[in-house]
$ cat coords.txt   # compact mmCIF, C-alpha atoms
# COMPACT_ATOMS: atom_id res chain seq x y z
CA MET V 9 -13.33 20.90 -4.24
CA ASN V 10 -15.47 18.90 -6.65
CA ILE V 11 -13.10 15.93 -6.49
CA VAL V 12 -13.30 15.99 -2.68
CA ILE V 13 -17.10 15.90 -2.80
CA ALA V 14 -17.02 13.13 -5.41
CA LYS V 15 -14.65 11.01 -3.32
CA LEU V 16 -16.78 11.58 -0.24
CA GLY V 17 -19.92 10.62 -2.15
CA ILE V 18 -18.35 7.40 -3.47
CA SER V 19 -17.10 6.60 0.03
CA LEU V 20 -20.55 7.01 1.55
CA ILE V 21 -22.15 4.79 -1.12
CA SER V 22 -19.43 2.18 -0.51
CA THR V 23 -20.06 2.36 3.22
CA LEU V 24 -23.79 1.81 2.74
CA LEU V 25 -23.12 -1.28 0.61
CA ILE V 26 -20.64 -2.61 3.18
CA VAL V 27 -23.20 -2.20 5.97
CA MET V 28 -25.74 -4.10 3.89
CA LEU V 29 -23.27 -6.95 3.33
CA LEU V 30 -22.32 -7.09 7.00
CA TRP V 31 -25.99 -7.34 7.92
CA LYS V 32 -26.08 -10.66 6.02
CA GLN V 33 -22.50 -11.66 6.85
CA ASN V 34 -23.18 -15.20 8.10
CA THR V 35 -25.57 -16.05 5.25
CA LEU V 36 -23.25 -14.69 2.55
CA THR V 37 -20.17 -16.38 4.03
CA LEU V 38 -21.93 -19.74 4.07
CA TRP V 39 -23.20 -19.22 0.51
CA LEU V 40 -19.71 -18.35 -0.74
CA GLU V 41 -18.23 -21.55 0.70
CA SER V 42 -19.45 -23.53 -2.30
CA LYS V 43 -18.47 -20.97 -4.94
CA SER V 44 -15.36 -21.02 -7.11
CA ALA V 45 -12.80 -18.62 -5.65
CA ARG V 46 -11.41 -17.57 -9.04
CA ILE V 47 -14.81 -16.98 -10.62
CA THR V 48 -16.07 -15.10 -7.55
CA LEU V 49 -12.98 -12.89 -7.44
CA LEU V 50 -13.24 -12.28 -11.19
CA ILE V 51 -16.90 -11.27 -10.91
CA GLY V 52 -16.09 -9.06 -7.93
CA TRP V 53 -13.26 -7.43 -9.89
CA ILE V 54 -15.49 -6.84 -12.93
CA VAL V 55 -18.29 -5.31 -10.84
CA LEU V 56 -16.12 -3.24 -8.49
CA ARG V 57 -13.13 -2.39 -10.68
CA LEU V 58 -13.84 -2.77 -14.40
CA ILE V 59 -17.40 -1.37 -14.40
CA PRO V 60 -16.46 1.69 -12.28
CA PHE V 61 -13.55 2.26 -14.69
CA ILE V 62 -15.92 2.12 -17.67
CA LEU V 63 -18.44 4.42 -15.96
CA VAL V 64 -15.86 7.04 -14.96
CA TYR V 65 -13.51 7.10 -17.93
CA LEU V 66 -15.45 5.77 -20.93
CA ILE V 67 -19.08 6.74 -20.31
CA ALA V 68 -18.61 9.91 -18.24
CA GLY V 69 -15.51 10.73 -20.30
CA LEU V 70 -13.46 11.99 -17.36
CA GLU V 71 -9.70 12.21 -17.73
CA PRO V 72 -7.31 10.74 -15.13
CA THR V 73 -5.74 13.34 -12.87
CA SER V 74 -3.27 13.64 -10.01
CA ASP V 75 -0.58 10.93 -9.87
CA VAL V 76 -1.71 9.43 -13.17
CA ASN V 77 -0.22 12.41 -14.98
CA GLY V 78 3.17 11.60 -13.48
CA PHE V 79 2.80 7.91 -14.27
CA TRP V 80 1.84 8.79 -17.84
CA ASP V 81 4.92 10.95 -18.27
CA GLU V 82 7.16 8.09 -17.15
CA ALA V 83 5.36 5.24 -18.88
CA SER V 84 4.89 7.00 -22.23
CA LYS V 85 8.58 7.89 -22.42
CA ALA V 86 9.61 4.41 -21.30
CA SER V 87 7.37 2.89 -23.98
CA LEU V 88 9.31 4.92 -26.57
CA GLY V 89 12.61 3.48 -25.35
CA GLN V 90 13.85 6.46 -23.36
CA VAL V 91 16.14 5.83 -20.37
CA VAL V 92 14.77 6.20 -16.86
CA TYR V 93 16.53 8.73 -14.58
CA ARG V 94 18.36 10.19 -17.60
CA ASP V 95 15.67 11.09 -20.13
CA PHE V 96 12.88 11.42 -17.59
CA TRP V 97 12.59 11.81 -13.84
CA SER V 98 11.13 9.01 -11.74
CA PRO V 99 10.60 8.55 -7.99
CA TYR V 100 10.13 4.81 -8.53
CA SER V 101 12.37 1.82 -9.07
CA PRO V 102 13.92 1.45 -12.54
CA LEU V 103 11.58 -1.19 -13.98
CA TYR V 104 8.35 0.51 -12.87
CA ALA V 105 7.98 2.84 -15.85
CA TYR V 106 8.87 0.11 -18.34
CA PHE V 107 6.27 -2.26 -16.92
CA LEU V 108 3.60 0.42 -17.34
CA GLY V 109 5.00 1.12 -20.78
CA ILE V 110 4.16 -2.44 -21.82
CA TRP V 111 0.50 -1.78 -21.01
CA LEU V 112 0.60 1.33 -23.17
CA LYS V 113 1.46 -0.85 -26.16
CA LEU V 114 -2.11 -2.15 -25.85
CA TRP V 115 -3.74 1.28 -25.55
CA TYR V 116 -1.71 4.48 -25.67
CA SER V 117 -3.71 6.50 -23.18
CA PRO V 118 -3.41 7.64 -19.54
CA LYS V 119 -6.63 5.68 -18.95
CA MET V 120 -4.69 2.50 -19.67
CA ILE V 121 -2.54 3.21 -16.62
CA VAL V 122 -5.64 3.24 -14.42
CA LEU V 123 -6.78 -0.03 -15.97
CA ALA V 124 -3.32 -1.54 -15.39
CA MET V 125 -3.50 -0.55 -11.70
CA ALA V 126 -6.94 -2.14 -11.41
CA ALA V 127 -5.68 -5.34 -13.04
CA MET V 128 -2.71 -5.56 -10.68
CA ASP V 129 -5.04 -5.02 -7.73
CA GLY V 130 -7.10 -7.98 -8.90
CA VAL V 131 -3.98 -10.14 -9.28
CA ALA V 132 -2.87 -9.18 -5.76
CA LEU V 133 -6.24 -10.23 -4.36
CA LEU V 134 -6.15 -13.57 -6.20
CA ALA V 135 -2.60 -14.21 -4.97
CA SER V 136 -3.77 -13.35 -1.45
CA TYR V 137 -6.40 -16.08 -1.68
CA HIS V 138 -3.68 -18.70 -2.22
CA PHE V 139 -1.56 -17.06 0.50
CA PHE V 140 -4.27 -17.17 3.18
CA ARG V 141 -6.07 -20.32 2.00
CA PRO V 142 -4.68 -22.67 4.72
CA PHE V 143 -5.99 -20.41 7.50
CA GLN V 144 -9.35 -19.20 6.30
CA SER V 145 -12.30 -20.96 4.78
CA ARG V 146 -13.14 -20.07 1.21
CA GLY V 147 -16.36 -18.34 2.22
CA LYS V 148 -14.68 -16.12 4.81
CA PHE V 149 -11.91 -15.06 2.47
CA LEU V 150 -14.26 -14.33 -0.42
CA PHE V 151 -16.57 -12.32 1.83
CA LYS V 152 -13.62 -10.25 3.08
CA SER V 153 -12.39 -9.86 -0.49
CA ILE V 154 -15.69 -8.31 -1.53
CA LEU V 155 -15.48 -5.97 1.44
CA TYR V 156 -11.93 -5.05 0.42
CA LEU V 157 -13.04 -4.28 -3.13
CA LEU V 158 -15.81 -2.09 -1.73
CA LEU V 159 -13.78 -0.18 0.85
CA PRO V 160 -13.12 3.44 -0.18
CA GLY V 161 -9.41 2.99 0.51
CA SER V 162 -9.13 0.43 -2.29
CA LEU V 163 -11.95 1.43 -4.65
CA VAL V 164 -11.22 5.16 -4.83
CA LEU V 165 -7.45 4.96 -4.58
CA CYS V 166 -7.38 2.33 -7.31
CA ILE V 167 -9.90 3.67 -9.83
CA ILE V 168 -9.67 7.40 -9.16
CA GLY V 169 -6.15 7.68 -7.77
CA ALA V 170 -4.55 4.81 -9.75
CA GLN V 171 -2.21 3.99 -6.87
CA GLU V 172 0.33 1.22 -7.26
CA ASP V 173 1.22 0.53 -3.61
CA VAL V 174 -0.58 -2.83 -3.55
CA TRP V 175 2.10 -4.14 -5.95
CA MET V 176 4.53 -4.41 -3.05
CA TRP V 177 2.24 -6.80 -1.17
CA LEU V 178 1.81 -8.79 -4.38
CA PHE V 179 5.55 -9.31 -4.84
CA VAL V 180 6.25 -10.35 -1.27
CA ILE V 181 3.51 -13.00 -1.25
CA LEU V 182 4.51 -14.21 -4.72
CA ALA V 183 8.04 -14.66 -3.39
CA TYR V 184 6.72 -16.80 -0.53
CA TYR V 185 4.46 -18.78 -2.87
CA VAL V 186 7.38 -19.62 -5.19
CA ARG V 187 9.49 -20.65 -2.21
CA GLU V 188 6.73 -22.88 -0.93
CA ARG V 189 6.38 -24.58 -4.31
CA THR V 190 10.04 -24.85 -5.33
CA LEU V 191 11.64 -25.14 -1.87
CA LYS V 192 14.33 -22.79 -3.19
CA VAL V 193 15.49 -19.84 -1.10
CA GLU V 194 17.28 -18.50 -4.18
CA TRP V 195 14.04 -18.09 -6.16
CA TYR V 196 12.45 -16.46 -3.12
CA ALA V 197 15.36 -13.98 -2.99
CA ALA V 198 15.20 -13.33 -6.74
CA ILE V 199 11.50 -12.39 -6.66
CA LEU V 200 12.05 -10.14 -3.65
CA ALA V 201 14.82 -8.43 -5.62
CA LEU V 202 12.51 -8.10 -8.62
CA GLY V 203 9.88 -6.57 -6.34
CA LEU V 204 12.40 -3.94 -5.27
CA LEU V 205 13.29 -3.17 -8.90
CA MET V 206 9.61 -2.94 -9.89
CA THR V 207 8.07 -0.87 -7.10
CA LYS V 208 9.56 1.60 -4.62
CA ALA V 209 12.70 1.99 -2.56
CA ILE V 210 10.64 1.46 0.61
CA PHE V 211 10.16 -2.18 -0.41
CA VAL V 212 13.66 -2.74 0.96
CA LEU V 213 12.36 -2.16 4.51
CA ILE V 214 10.51 -5.47 4.66
CA LEU V 215 13.73 -7.27 3.76
CA ILE V 216 15.26 -6.35 7.13
CA PRO V 217 12.88 -8.37 9.36
CA LEU V 218 12.76 -11.14 6.73
CA PHE V 219 16.56 -11.35 6.73
CA MET V 220 16.63 -11.33 10.51
CA LEU V 221 14.41 -14.43 10.68
CA GLU V 222 15.92 -16.24 7.70
CA LYS V 223 17.85 -19.41 8.56
CA HIS V 224 19.67 -19.54 5.23
CA LYS V 225 20.96 -15.99 5.21
CA LEU V 226 23.65 -16.44 2.56
CA ARG V 227 21.25 -18.18 0.20
CA LEU V 228 18.96 -15.17 0.60
CA VAL V 229 21.58 -12.44 0.32
CA ILE V 230 23.77 -13.73 -2.51
CA PRO V 231 21.08 -13.81 -5.26
CA MET V 232 19.81 -10.39 -4.19
CA ALA V 233 23.34 -8.99 -4.16
CA VAL V 234 24.05 -10.41 -7.63
CA ILE V 235 20.84 -8.90 -9.04
CA GLY V 236 21.61 -5.58 -7.32
CA ILE V 237 25.16 -5.45 -8.69
CA LEU V 238 23.99 -6.31 -12.20
CA SER V 239 21.31 -3.60 -11.99
CA ILE V 240 23.87 -0.98 -10.97
CA ALA V 241 26.26 -2.23 -13.66
CA VAL V 242 23.58 -1.51 -16.24
CA LEU V 243 22.29 1.76 -14.77
CA TYR V 244 25.49 3.55 -13.78
CA PRO V 245 27.00 3.80 -17.29
CA LEU V 246 23.66 5.12 -18.55
CA VAL V 247 22.57 7.52 -15.81
CA GLY V 248 25.46 7.90 -13.37
CA TRP V 249 24.12 8.50 -9.88
CA GLY V 250 20.72 9.32 -11.33
CA PHE V 251 19.41 5.98 -10.08
CA THR V 252 19.32 7.52 -6.59
CA GLN V 253 16.42 9.78 -7.67
CA PRO V 254 13.83 7.71 -5.71
CA LEU V 255 15.64 8.63 -2.50
CA ASP V 256 14.72 12.29 -3.08
CA GLU V 257 11.12 11.42 -2.19
CA ALA V 258 12.14 11.24 1.47
CA GLN V 259 12.78 15.01 1.38
CA THR V 260 9.23 15.83 0.24
CA LEU V 261 7.07 17.13 3.09
CA ARG V 262 3.56 15.69 3.13
CA ALA V 263 0.73 15.15 5.56
CA PRO V 264 -0.68 13.64 7.67
CA ASN V 265 2.04 12.19 9.83
CA ILE V 266 3.27 12.69 13.36
CA PRO V 267 5.73 15.49 12.43
CA SER V 268 3.01 17.41 10.54
CA VAL V 269 0.60 17.07 13.45
CA ILE V 270 2.88 17.99 16.36
CA ASN V 271 4.95 20.65 14.59
CA PRO V 272 2.53 23.55 15.25
CA LEU V 273 2.19 22.55 18.91
CA PHE V 274 5.92 23.23 19.30
CA SER V 275 5.87 26.41 17.20
CA ASN V 276 7.98 24.90 14.42
CA GLN V 277 10.91 24.15 16.73
CA LEU V 278 11.17 20.44 15.86
CA GLY V 279 13.23 20.78 12.72
CA VAL V 280 10.56 19.37 10.44
CA GLY V 281 12.08 18.89 7.02
CA GLU V 282 15.51 17.96 8.33
CA LYS V 283 17.03 14.62 7.31
CA PHE V 284 17.27 13.33 10.87
CA TRP V 285 13.46 12.98 10.92
CA ASN V 286 13.75 10.51 8.06
CA TRP V 287 16.23 8.40 10.00
CA ILE V 288 14.08 8.56 13.13
CA GLY V 289 11.07 7.43 11.10
CA LEU V 290 12.98 4.53 9.55
CA ALA V 291 14.33 3.44 12.93
CA ILE V 292 10.85 3.44 14.51
CA SER V 293 9.04 1.65 11.68
CA VAL V 294 11.72 -1.00 11.07
CA GLY V 295 12.35 -1.36 14.81
CA LEU V 296 8.70 -2.11 15.57
CA ALA V 297 8.54 -4.55 12.66
CA CYS V 298 11.64 -6.39 13.90
CA ILE V 299 10.29 -6.60 17.46
CA ALA V 300 7.04 -8.02 16.12
CA ALA V 301 8.94 -10.47 13.92
CA LEU V 302 10.96 -11.72 16.90
CA ARG V 303 7.79 -12.26 18.91
CA LEU V 304 6.32 -14.19 15.99
CA ARG V 305 9.45 -16.12 15.03
CA ASN V 306 7.74 -19.42 15.91
CA ALA V 307 4.50 -18.54 14.14
CA ASP V 308 3.52 -19.53 10.63
CA PHE V 309 5.33 -17.32 8.11
CA ARG V 310 2.11 -16.10 6.50
CA MET V 311 0.65 -14.96 9.80
CA MET V 312 3.94 -13.37 10.82
CA LEU V 313 4.31 -11.56 7.49
CA SER V 314 0.75 -10.22 7.57
CA ARG V 315 1.27 -8.65 10.97
CA ILE V 316 4.74 -7.20 10.41
CA TRP V 317 3.66 -5.87 6.99
CA VAL V 318 0.84 -3.87 8.54
CA ILE V 319 3.01 -2.76 11.46
CA LEU V 320 5.93 -1.73 9.25
CA TYR V 321 4.10 0.23 6.58
CA ALA V 322 1.32 1.65 8.75
CA THR V 323 3.99 2.94 11.13
CA MET V 324 5.94 4.36 8.20
CA MET V 325 2.78 6.14 7.07
CA ILE V 326 2.66 8.22 10.24
CA VAL V 327 6.32 8.60 11.25
CA GLN V 328 7.90 9.40 7.88
CA GLN V 329 7.56 13.11 7.05
CA SER V 330 7.24 12.33 3.34
CA ALA V 331 4.36 9.88 3.91
CA TYR V 332 0.69 10.59 3.34
CA SER V 333 -2.58 8.73 3.71
CA ASN V 334 -2.58 7.13 0.24
CA TYR V 335 -0.20 4.59 1.78
CA ILE V 336 -3.22 2.85 3.28
CA PHE V 337 -3.44 1.04 -0.08
CA LEU V 338 -0.09 -0.57 0.69
CA PHE V 339 -1.29 -2.59 3.68
CA LEU V 340 -5.07 -2.71 3.23
CA ILE V 341 -5.31 -6.32 1.99
CA PRO V 342 -3.62 -7.99 5.01
CA LEU V 343 -5.39 -5.54 7.33
CA VAL V 344 -8.82 -6.44 5.93
CA VAL V 345 -8.25 -10.15 5.38
CA TYR V 346 -6.26 -11.06 8.48
CA ILE V 347 -6.08 -8.34 11.15
CA ILE V 348 -9.61 -6.95 11.34
CA ASN V 349 -12.24 -8.92 13.25
CA TRP V 350 -15.33 -8.35 11.13
CA LYS V 351 -17.53 -9.40 14.05
CA SER V 352 -16.26 -6.46 16.10
CA ARG V 353 -18.46 -3.41 15.57
CA THR V 354 -15.78 -1.09 16.95
CA GLN V 355 -13.07 -2.34 14.59
CA VAL V 356 -15.37 -2.21 11.57
CA ILE V 357 -16.62 1.32 12.28
CA LEU V 358 -13.10 2.62 12.86
CA LEU V 359 -11.84 0.90 9.71
CA ILE V 360 -14.54 2.52 7.58
CA ILE V 361 -13.89 5.96 9.09
CA PHE V 362 -10.17 5.42 8.53
CA ASN V 363 -10.78 4.56 4.87
CA ILE V 364 -12.97 7.59 4.24
CA LEU V 365 -10.48 9.96 5.86
CA CYS V 366 -7.53 8.49 3.95
CA VAL V 367 -9.40 8.87 0.66
CA VAL V 368 -10.73 12.39 1.19
CA HIS V 369 -7.83 14.05 2.99
CA PRO V 370 -5.13 14.03 0.24
CA SER V 371 -7.38 15.87 -2.21
CA PHE V 372 -8.63 18.26 0.48
CA TRP V 373 -5.07 19.02 1.66
CA TRP V 374 -3.83 19.47 -1.90
CA ARG V 375 -6.57 21.97 -2.70
CA LEU V 376 -5.64 23.95 0.40
CA GLU V 377 -2.22 24.28 -1.27
CA MET V 378 -0.61 21.70 1.03
CA PRO V 379 -0.43 23.76 4.24
CA CYS V 380 2.40 23.15 6.69
CA TYR V 381 1.27 24.32 10.13
CA MET V 382 3.90 26.28 12.04
CA THR V 383 1.97 27.58 15.07
CA PRO V 384 -1.35 26.84 16.80
CA ALA V 385 -2.71 30.01 15.19
CA ASP V 386 -2.13 28.51 11.75
CA ILE V 387 -4.51 25.68 12.60
CA THR V 388 -7.42 27.97 13.36
CA ALA V 389 -6.68 30.55 10.68
CA THR V 390 -9.65 29.30 8.64
CA GLN V 391 -12.38 26.71 9.10
CA GLN V 392 -10.95 24.66 6.24
CA ARG V 393 -7.51 24.57 7.82
CA PHE V 394 -9.00 23.54 11.16
CA LEU V 395 -10.94 20.74 9.44
CA ASP V 396 -7.77 19.67 7.63
CA TYR V 397 -5.84 19.50 10.92
CA ILE V 398 -8.61 17.50 12.62
CA MET V 399 -8.53 15.01 9.74
CA GLN V 400 -4.75 14.76 10.04
CA VAL V 401 -4.92 14.04 13.76
CA SER V 402 -7.71 11.51 13.25
CA ILE V 403 -5.77 9.61 10.58
CA VAL V 404 -2.64 9.49 12.75
CA VAL V 405 -4.59 8.25 15.80
CA LEU V 406 -6.53 5.64 13.82
CA THR V 407 -3.35 4.40 12.15
CA GLY V 408 -1.86 3.98 15.60
CA TYR V 409 -4.92 1.97 16.62
CA PHE V 410 -4.51 -0.48 13.73
CA ILE V 411 -0.78 -0.80 14.42
CA TRP V 412 -1.67 -1.74 17.99
CA LEU V 413 -4.26 -4.20 16.67
CA ALA V 414 -1.67 -5.88 14.44
CA PHE V 415 1.12 -5.88 16.99
CA PRO V 416 1.55 -9.32 18.64
CA LYS V 417 0.81 -9.15 22.32
CA ARG V 418 3.38 -10.84 24.54
CA LYS V 419 0.93 -13.50 25.69
CA THR V 420 -0.56 -14.14 22.26
CA PHE V 421 1.27 -16.49 19.93
CA LEU V 422 0.04 -18.12 16.76
CA PRO V 423 0.40 -21.82 15.89
CA ALA V 424 3.96 -22.68 14.97
CA SER V 425 4.83 -23.62 11.42
CA LYS V 426 8.33 -23.67 9.97
CA ILE V 427 9.27 -21.81 6.84
CA GLN V 428 10.05 -24.36 4.18
CA ASP V 429 13.70 -24.73 3.19

$ encode --input "coords.txt" --output "structure tokens"
Amino acid sequence: MNIVIAKLGISLISTLLIVMLLWKQNTLTLWLESKSARITLLIGWIVLRLIPFILVYLIAGLEPTSDVNGFWDEASKASLGQVVYRDFWSPYSPLYAYFLGIWLKLWYSPKMIVLAMAAMDGVALLASYHFFRPFQSRGKFLFKSILYLLLPGSLVLCIIGAQEDVWMWLFVILAYYVRERTLKVEWYAAILALGLLMTKAIFVLILIPLFMLEKHKLRLVIPMAVIGILSIAVLYPLVGWGFTQPLDEAQTLRAPNIPSVINPLFSNQLGVGEKFWNWIGLAISVGLACIAALRLRNADFRMMLSRIWVILYATMMIVQQSAYSNYIFLFLIPLVVYIINWKSRTQVILLIIFNILCVVHPSFWWRLEMPCYMTPADITATQQRFLDYIMQVSIVVLTGYFIWLAFPKRKTFLPASKIQD
């Protein structure tokens, strides 16, 4: 349980620093108004990403653990020219391992994977500045960016867990940014397709509400279809149906999510583990995102995307039986920068608690040998199991709260702004 204690300790230190910053929120925001965004974000990244990396992996000499071992297996083999899905197993999209493999050409070590994740996190934050710039002053964005870098959900999951989920947010806002600059739907579609090939299969979910709202549907679909067909034309002769390996992830039971929480209350009569739960989860998450998108169809695209992104992937985190709390890293940037009202004490306190729970629970659950509760008696079998179940329930409830916060209320509409052609 040492890793659990370490993550909890880092989370508490982060929380203390966040409280100190919030105490001087107005002064710091005003001060940051005159600062260079790029330099400020770079300094923030160095202090809260690069220095922690150096302290943990170079000075303390700790070795990366957990998911990094899997990433290392993929990336090291990809860097040697082996074929994904044929020569090594991967739950990710086909280009993921090869992109990490490029980083390993600079330093052939699992630690390089952690550094690559930290770098991509910094790029995502910088891209987010350009994405949100028309709607937030420089000082407000930079202040929220520092808070994001400090939050346990980003700091620990990036430097200790080396999670890649923030890449998905990066690709979707890069796609919008290119469309805004080039006025080309085709380039927008191509980058979305590249995002799907570089990250995870679940990236495809955001394409459904985006397609639904798109005026130029053929111009969106045709480039993506061409890229998809070419990808299959390359993969199938090499690996056969092996390129469907990422879909196997949906069969992996994890926690916390609604199925894991309610299953013992129904004495394991819900069919947890069956495929129909996956389809139910997809229908709920995509359905809510599409409803939100329709309500925001006249809103600015950036505001609409921020809300439906949080709604879609936060909902997926608690309805999909293969989801777990590391997925907070997927939607944390838009949640912190756009959804959360940092003047609201309630929202801030719940966000911090949510971050701590999402950071601590995966390691705690893993070290309990990933229990799946079948009956109420299983919950109270030991104090540790009871604590695990309470954390699961808390994460599910808090996720629901932030989904509600992001969901557009019927009487609340944002200023209209058309998507550029």

$ closest_residue --input "coords.txt" --among "V:Val280, V:Val131, V:Ala385, V:Ala322" --to "Ala297 (chain V)" --atoms "all atoms listed in the file"
V:Ala322

$ closest_atom_pairs --input "coords.txt" --of "region 142-182 of chain V" --to "region 92-111 of chain V" --cutoff "12 Å" --atoms "all atoms listed in the file" --output "Markdown table"
| residue | atom | partner | partner_atom | distance |
| --- | --- | --- | --- | --- |
| V:Ala170 | CA | V:Leu108 | CA | 12.0 |
| V:Glu172 | CA | V:Tyr104 | CA | 9.8 |
| V:Asp173 | CA | V:Tyr100 | CA | 11.0 |
| V:Trp175 | CA | V:Tyr104 | CA | 10.4 |
| V:Met176 | CA | V:Tyr104 | CA | 11.6 |

$ closest_residue --input "coords.txt" --among "V:Val122, V:Leu204, V:Ala301, V:Ile59" --to "Phe79 (chain V)" --atoms "only C-alpha atoms"
V:Val122

$ residues_around --input "coords.txt" --residues "Leu202 (chain V)" --least-positions-apart "3" --cutoff "12 Å" --atoms "only C-alpha atoms" --output "ChimeraX atom specification"
/V:101-104,107,175-176,178-180,182-183,195-199,205-209,211-212,231-236,239

$ atom_distance --input "coords.txt" --atom1 "CA of Leu243 (chain V)" --atom2 "CA of Leu226 (chain V)"
25.2 Å

$ atom_distance --input "coords.txt" --atom1 "CA of Arg187 (chain V)" --atom2 "CA of Tyr346 (chain V)"
21.3 Å

$ axis_aligned_box --input "coords.txt" --around "region 233-250 of chain V" --padding-each-side "6 Å" --output "JSON"
{"center_x": 23.9, "center_y": -0.5, "center_z": -11.4, "size_x": 18.3, "size_y": 31.7, "size_z": 26.4}

$ atom_distance --input "coords.txt" --atom1 "CA of Val242 (chain V)" --atom2 "CA of Lys283 (chain V)"
29.3 Å

$ closest_residue --input "coords.txt" --among "V:Leu215, V:Ile357, V:Pro160, V:Asn363" --to "Val294 (chain V)" --atoms "all atoms listed in the file"
V:Leu215

$ build_atoms --input "coords.txt" --residues "region 188-205 of chain V" --atoms "N, CA and C atoms" --output "mmCIF file, in the coordinates of the input"
data_model
loop_
_atom_site.group_PDB
_atom_site.id
_atom_site.type_symbol
_atom_site.label_atom_id
_atom_site.label_comp_id
_atom_site.auth_asym_id
_atom_site.auth_seq_id
_atom_site.Cartn_x
_atom_site.Cartn_y
_atom_site.Cartn_z
ATOM 1 N N GLU V 188 7.514 -21.762 -1.426
ATOM 2 C CA GLU V 188 6.730 -22.880 -0.930
ATOM 3 C C GLU V 188 6.647 -23.989 -1.985
ATOM 4 N N ARG V 189 6.528 -23.602 -3.248
ATOM 5 C CA ARG V 189 6.380 -24.580 -4.310
ATOM 6 C C ARG V 189 7.711 -25.191 -4.757
ATOM 7 N N THR V 190 8.759 -24.368 -4.805
ATOM 8 C CA THR V 190 10.040 -24.850 -5.330
ATOM 9 C C THR V 190 11.002 -25.305 -4.243
ATOM 10 N N LEU V 191 10.747 -24.868 -3.005
ATOM 11 C CA LEU V 191 11.640 -25.140 -1.870
ATOM 12 C C LEU V 191 13.015 -24.503 -2.079
ATOM 13 N N LYS V 192 13.073 -23.452 -2.885
ATOM 14 C CA LYS V 192 14.330 -22.790 -3.190
ATOM 15 C C LYS V 192 14.371 -21.385 -2.597
ATOM 16 N N VAL V 193 15.305 -21.170 -1.671
ATOM 17 C CA VAL V 193 15.490 -19.840 -1.100
ATOM 18 C C VAL V 193 15.944 -18.859 -2.170
ATOM 19 N N GLU V 194 16.727 -19.367 -3.131
ATOM 20 C CA GLU V 194 17.280 -18.500 -4.180
ATOM 21 C C GLU V 194 16.184 -17.874 -5.042
ATOM 22 N N TRP V 195 15.145 -18.642 -5.392
ATOM 23 C CA TRP V 195 14.040 -18.090 -6.160
ATOM 24 C C TRP V 195 13.253 -17.079 -5.335
ATOM 25 N N TYR V 196 13.097 -17.382 -4.073
ATOM 26 C CA TYR V 196 12.450 -16.460 -3.120
ATOM 27 C C TYR V 196 13.190 -15.136 -3.110
ATOM 28 N N ALA V 197 14.532 -15.197 -3.011
ATOM 29 C CA ALA V 197 15.360 -13.980 -2.990
ATOM 30 C C ALA V 197 15.256 -13.229 -4.309
ATOM 31 N N ALA V 198 15.238 -13.965 -5.424
ATOM 32 C CA ALA V 198 15.200 -13.330 -6.740
ATOM 33 C C ALA V 198 13.907 -12.544 -6.943
ATOM 34 N N ILE V 199 12.777 -13.093 -6.485
ATOM 35 C CA ILE V 199 11.500 -12.390 -6.660
ATOM 36 C C ILE V 199 11.422 -11.183 -5.733
ATOM 37 N N LEU V 200 11.993 -11.301 -4.535
ATOM 38 C CA LEU V 200 12.050 -10.140 -3.650
ATOM 39 C C LEU V 200 12.883 -9.030 -4.301
ATOM 40 N N ALA V 201 13.988 -9.413 -4.930
ATOM 41 C CA ALA V 201 14.820 -8.430 -5.620
ATOM 42 C C ALA V 201 14.069 -7.802 -6.786
ATOM 43 N N LEU V 202 13.315 -8.624 -7.517
ATOM 44 C CA LEU V 202 12.510 -8.100 -8.620
ATOM 45 C C LEU V 202 11.446 -7.138 -8.097
ATOM 46 N N GLY V 203 10.859 -7.462 -6.943
ATOM 47 C CA GLY V 203 9.880 -6.570 -6.340
ATOM 48 C C GLY V 203 10.478 -5.209 -6.027
ATOM 49 N N LEU V 204 11.721 -5.205 -5.553
ATOM 50 C CA LEU V 204 12.400 -3.940 -5.270
ATOM 51 C C LEU V 204 12.657 -3.152 -6.543
ATOM 52 N N LEU V 205 13.014 -3.843 -7.622
ATOM 53 C CA LEU V 205 13.290 -3.170 -8.900
ATOM 54 C C LEU V 205 12.024 -2.691 -9.599
#
